[in-house]
Amino acid sequence: MPVHNSEISEIFNDMADLLEIQGSNTFRVRAYRNAARTIENLSRSAVDMVNQDEDLTELKGIGKDLAKKIKEIVETGELSMLEDLKKEIPFELSDFMDIPGIGPKRVHAIYEELGVKSLDELKKAAEKHRIQEIGGFGEKTEKIILEGLKKADKTEKRLKLSIADEIATPLLEYLRKAEGVKEVIVAGSYRRRKETVGDLDILVSHKKNSDMMEHFIKYEDVRKVISSGKTRSSVLLRSGLQVDLRSVAEVSCGAALHYFTGSKAHNIAIRKIGQSKGLKINEYGIFKGKKRIAGKTEEEVFRSVGLPYIQPELRENRGEIEAAKNKKLPSLVKLKDIRGDLHSHTNRTDGNFSLEEMAKGAKERGYEYLAITDHSKHVTVAGGMDSKELSEQIREIDKLNDKIDGITILKSIELDILEDGTLDLPNDILKELDFVYCSVHYKFNLSREKQTERIIRAMDNPYFNILAHPTGRLIGKRDPYEVDMEQLMKAAKERGCFMEINSNPERLDLSDIHTKMAKDMRIKISISTDAHNITDFDYIRFGICQGRRGWLEKQDVLNTRGLDELKKLINR
DNA sequence: GCCGTTTTCGGCCCGACTGTTTTCAGTCG
């Protein structure tokens, strides 16, 4: 049974939870959490590393002990120490910590004092007002627990970046109307352009005596004020999104922006470097003793620790600090580098606009080319094309290309990969196309081995060029299908195939980590939108963000090329 | 439990807000 990296990191996180509740050394707890993160962010499978007898202690935060534990997990699928720990402390206690306001110390107290060991029992204890009986606990804490339990039922989810955009835009506009306001900027994972956002961290600078905080909590979309102070307030919007507003002085703007942009792991790493240079770094600035030596801009913050500016999308402590030190930071791809879209649909299958309308929409966006990739026949619900219909469309595109100026329409298809790895249409029609996009649309639940084999077999066909939405996931709705991405990428590399970042904010597939894997393996990427509408072309901005989070540079992306170069590059 | 361009031992990021207390611990980001 192959063990996934995510399972290893989950075991380490479980270890950390239980150790923390047990009252273990906090740094030991942190070591487990760090290790969990390292494994989760690994662009290779830990199983392979163990099997190839590689030295795991080379990895950040993995020492002799944790290396041994990783090996044990890989070989047995579990960690005996965790199993032992579960016998000492009820495992369900770790769920208590999902309640906001409840941490390990309080969980420990509840368990020790009341013997409560499940969420059910916790609810009953709170309802009978037994929580208040515990020293250091009061009425409010009890209420927090009851409310938290209610909320846990609804499984508070992270919002997709596109939704966060929709919520943030009017809020920012509103905040900018406050009296005495100077600057308003969103930090946090929103600024790092992560695919989902847990909350919004907004920084404001304003004149003295501004009513900023007052203004903020009066926003019409506020459902509940969580906390409100002079420098920081938190509210819950009706959408369920939490927004934290922080007031910052101008001298501290850069330091605060860096601090609240995160990620936490990145910040810790930066602060450690600062510490080694005798500096204290916090949200107010960079301090040498009591003297502030920097903090007005983010550039100053980085300079003070001897680093060049690091783009927000890279700040995940996935090697960006080492790259910065070695002057190896990527020059990230930009929206304006994109010269065409390689994945789009028309009303011949499940799109909403005609070929010509889509072409005009792409042209209006300044594109030099647009590839039409309608579905093939197996996708019956979308009215997929057979050979005859495809050849009709090919002739239609030829005609349109004669008629329309300023943009070239490329002939392509989103061709289904069948269960046995064959392609949905025969090669004699595929050879008429400029290139072929391929994808999986059914039988998502094959075993990891079978799914991997299926796609690699498809890649064996010489007309296979680009793998669309390589894991099939829909964020928050459908998990990615099981597939060995490393194997897929190796196969793609050997055969001259490419990968897609599907820019639809529901998909963003490849993920950031897999994008980085492709980059490391020198596999070029199509950043395209899968547009079914003209406005869908604008999803490209989310794909670009994902590409940037995966360290992509202009030259790593297929559709930053001019038409001739693209055609040369894409054909096997 | 990890880690070392002063270190193989003694550190390990830092401050605001809240609740329950009378000076602070816990939690959060």
# chains A, B, ... in the order shown; residues from 1 in each chain; ligands from 1
>>> closest_atom_pairs(of="chain B", to="stretch 273-277 of chain A", cutoff="12 Å", atoms="only C-alpha atoms (C1' of nucleotides)", output="JSON lines")
{"residue": "B:DG4", "atom": "C1'", "partner": "A:Ser276", "partner_atom": "CA", "distance": 11.4}
{"residue": "B:DT5", "atom": "C1'", "partner": "A:Ser276", "partner_atom": "CA", "distance": 11.0}
{"residue": "B:DT6", "atom": "C1'", "partner": "A:Ser276", "partner_atom": "CA", "distance": 11.1}
{"residue": "B:DC12", "atom": "C1'", "partner": "A:Gln275", "partner_atom": "CA", "distance": 11.4}
{"residue": "B:DC13", "atom": "C1'", "partner": "A:Gln275", "partner_atom": "CA", "distance": 9.1}
{"residue": "B:DC14", "atom": "C1'", "partner": "A:Gln275", "partner_atom": "CA", "distance": 11.9}
>>> select_by_dssp(residues="stretch 22-210 of chain A", states="strand (DSSP E or B)", output="list in words")
Leu159, Lys160, Val181, Lys182, Glu183, Val184, Ile185, Val186, Thr196, Val197, Asp199, Leu200, Asp201, Ile202, Leu203, Val204, Ser205 and His206 of chain A
>>> interface_residues(of="chain B", to="chain A", cutoff="9 Å", atoms="only C-alpha atoms (C1' of nucleotides)", output="number ranges by chain")
B: 1-3, 12-21, 25-29
>>> residues_around(residues="A:Glu316", least_positions_apart="2", cutoff="8 Å", atoms="only C-alpha atoms (C1' of nucleotides)", output="list in words")
Gly262, Ser263, Lys264, Ala265, His266, Glu313, Leu314, Arg318 and Glu320 of chain A
>>> closest_residue(among="A:Leu425, A:Ser189, A:Asp484, A:Arg448", to="A:Asp48", atoms="only C-alpha atoms")
A:Asp484
>>> residues_around(residues="A:Asp509", least_positions_apart="2", cutoff="8 Å", atoms="only C-alpha atoms (C1' of nucleotides)", output="short mmCIF file (atom, residue, chain, number, x, y, z; two decimals) with C-alpha atoms, in the first residue's frame")
data_model
loop_
_atom_site.label_atom_id
_atom_site.label_comp_id
_atom_site.auth_asym_id
_atom_site.auth_seq_id
_atom_site.Cartn_x
_atom_site.Cartn_y
_atom_site.Cartn_z
CA HIS A 469 -6.90 19.73 -15.77
CA PRO A 470 -4.51 16.93 -14.78
CA THR A 471 -6.20 15.85 -11.53
CA GLY A 472 -9.85 16.60 -12.30
CA ARG A 473 -10.47 18.25 -8.97
CA GLU A 500 -2.13 22.57 -18.23
CA ILE A 501 -2.92 24.99 -15.50
CA ASN A 502 -6.66 25.26 -15.93
CA SER A 503 -7.44 28.84 -14.86
CA ARG A 507 -10.27 24.02 -10.83
CA SER A 511 -2.05 22.93 -8.05
#
>>> residues_around(residues="stretch 333-343 of chain A", least_positions_apart="5", cutoff="9 Å", atoms="only C-alpha atoms (C1' of nucleotides)", output="short mmCIF file (atom, residue, chain, number, x, y, z; two decimals) with N, CA and C atoms, in the first residue's frame")
data_model
loop_
_atom_site.label_atom_id
_atom_site.label_comp_id
_atom_site.auth_asym_id
_atom_site.auth_seq_id
_atom_site.Cartn_x
_atom_site.Cartn_y
_atom_site.Cartn_z
N ALA A 362 -11.61 36.88 -27.87
CA ALA A 362 -10.18 36.69 -27.62
C ALA A 362 -9.39 37.84 -28.23
N GLY A 366 -6.71 41.23 -26.81
CA GLY A 366 -5.35 41.46 -27.30
C GLY A 366 -4.60 40.19 -27.66
N TYR A 367 -5.33 39.06 -27.73
CA TYR A 367 -4.65 37.80 -28.03
C TYR A 367 -4.28 37.70 -29.52
N GLU A 368 -3.19 36.98 -29.77
CA GLU A 368 -2.75 36.73 -31.14
C GLU A 368 -3.35 35.44 -31.68
N TYR A 369 -3.72 34.54 -30.77
CA TYR A 369 -4.31 33.28 -31.20
C TYR A 369 -5.26 32.74 -30.15
N LEU A 370 -6.17 31.89 -30.62
CA LEU A 370 -7.11 31.21 -29.73
C LEU A 370 -7.27 29.78 -30.25
N ALA A 371 -7.13 28.81 -29.38
CA ALA A 371 -7.38 27.43 -29.80
C ALA A 371 -8.79 27.04 -29.39
N ILE A 372 -9.52 26.44 -30.32
CA ILE A 372 -10.85 25.92 -30.02
C ILE A 372 -10.70 24.45 -29.68
N THR A 373 -11.14 24.09 -28.48
CA THR A 373 -10.97 22.71 -28.01
C THR A 373 -12.32 22.19 -27.54
N ASP A 374 -13.22 21.96 -28.48
CA ASP A 374 -14.52 21.41 -28.09
C ASP A 374 -14.38 19.93 -27.71
N LEU A 410 -6.71 28.44 -33.78
CA LEU A 410 -6.02 27.17 -33.89
C LEU A 410 -7.02 26.04 -33.79
N SER A 412 -8.10 22.57 -32.64
CA SER A 412 -7.73 21.61 -31.60
C SER A 412 -8.98 20.90 -31.09
N ILE A 413 -8.85 20.18 -30.03
CA ILE A 413 -9.98 19.44 -29.45
C ILE A 413 -9.65 19.10 -28.01
N GLU A 414 -10.65 19.00 -27.17
CA GLU A 414 -10.44 18.42 -25.84
C GLU A 414 -10.89 16.98 -25.95
N TYR A 437 -5.44 18.60 -27.11
CA TYR A 437 -5.59 18.63 -25.66
C TYR A 437 -6.27 17.33 -25.26
N ALA A 468 -5.10 18.23 -20.06
CA ALA A 468 -5.95 19.27 -19.46
C ALA A 468 -6.32 18.90 -18.03
N ASN A 502 -5.32 24.84 -15.56
CA ASN A 502 -6.66 25.26 -15.93
C ASN A 502 -7.04 26.43 -15.02
N SER A 526 0.72 25.00 -20.29
CA SER A 526 -0.26 25.87 -20.92
C SER A 526 -1.10 26.48 -19.81
N ILE A 527 -1.08 27.80 -19.70
CA ILE A 527 -1.99 28.46 -18.75
C ILE A 527 -3.18 28.94 -19.57
N SER A 528 -4.29 28.24 -19.47
CA SER A 528 -5.45 28.54 -20.30
C SER A 528 -6.72 28.50 -19.47
N THR A 529 -7.85 28.93 -20.09
CA THR A 529 -9.02 29.18 -19.24
C THR A 529 -10.13 28.15 -19.32
N ASP A 530 -10.17 27.31 -20.37
CA ASP A 530 -11.29 26.39 -20.51
C ASP A 530 -12.58 27.20 -20.66
N ALA A 531 -12.48 28.33 -21.38
CA ALA A 531 -13.60 29.27 -21.47
C ALA A 531 -14.80 28.63 -22.16
N PHE A 537 -12.72 34.13 -20.44
CA PHE A 537 -11.32 34.40 -20.81
C PHE A 537 -10.59 35.15 -19.69
N ILE A 540 -8.11 33.98 -16.80
CA ILE A 540 -6.66 33.82 -16.99
C ILE A 540 -5.87 34.40 -15.82
N ARG A 541 -6.43 35.46 -15.20
CA ARG A 541 -5.67 36.07 -14.10
C ARG A 541 -5.47 35.10 -12.94
N ILE A 544 -2.71 32.67 -13.95
CA ILE A 544 -1.40 33.32 -13.82
C ILE A 544 -0.94 33.30 -12.36
N CYS A 545 -1.87 33.59 -11.45
CA CYS A 545 -1.51 33.57 -10.03
C CYS A 545 -1.02 32.17 -9.64
N GLY A 547 0.26 29.90 -11.57
CA GLY A 547 1.57 29.71 -12.19
C GLY A 547 2.67 30.40 -11.40
N ARG A 548 2.38 31.60 -10.95
CA ARG A 548 3.38 32.34 -10.17
C ARG A 548 3.65 31.63 -8.84
N TRP A 551 6.15 29.07 -9.26
CA TRP A 551 7.47 29.57 -9.68
C TRP A 551 7.64 29.70 -11.19
N LEU A 552 6.57 29.72 -11.97
CA LEU A 552 6.72 29.75 -13.42
C LEU A 552 7.24 31.10 -13.91
N GLU A 553 8.13 31.02 -14.88
CA GLU A 553 8.63 32.20 -15.56
C GLU A 553 8.04 32.21 -16.97
N LYS A 554 8.22 33.32 -17.64
CA LYS A 554 7.65 33.46 -18.97
C LYS A 554 8.02 32.27 -19.87
N GLN A 555 9.29 31.88 -19.83
CA GLN A 555 9.74 30.83 -20.75
C GLN A 555 9.23 29.44 -20.39
N ASP A 556 8.62 29.30 -19.18
CA ASP A 556 8.07 28.01 -18.79
C ASP A 556 6.66 27.80 -19.33
N VAL A 557 6.09 28.84 -19.93
CA VAL A 557 4.69 28.80 -20.32
C VAL A 557 4.57 28.77 -21.84
N LEU A 558 3.81 27.79 -22.36
CA LEU A 558 3.68 27.62 -23.81
C LEU A 558 3.09 28.86 -24.48
N ASN A 559 1.98 29.35 -23.93
CA ASN A 559 1.27 30.41 -24.63
C ASN A 559 1.76 31.82 -24.31
N THR A 560 3.05 31.92 -23.98
CA THR A 560 3.71 33.23 -23.97
C THR A 560 4.48 33.39 -25.28
N ARG A 561 4.42 32.33 -26.12
CA ARG A 561 5.18 32.33 -27.37
C ARG A 561 4.36 32.94 -28.51
N GLY A 562 5.07 33.46 -29.50
CA GLY A 562 4.41 33.85 -30.73
C GLY A 562 3.93 32.60 -31.44
N LEU A 563 3.07 32.76 -32.44
CA LEU A 563 2.43 31.63 -33.08
C LEU A 563 3.41 30.62 -33.68
#
>>> atom_distance(atom1="atom CA of A:Asp538", atom2="atom CA of A:Leu508")
13.7 Å
>>> select_by_dssp(residues="stretch 142-320 of chain A", states="helix (DSSP H, G or I)", output="PyMOL selection string")
chain A and resi 142-153+161-175+188-191+212-217+250-261+264-276+298-304+312-314+320
>>> atom_distance(atom1="atom CA of A:Thr297", atom2="atom CA of A:Ala255")
6.7 Å
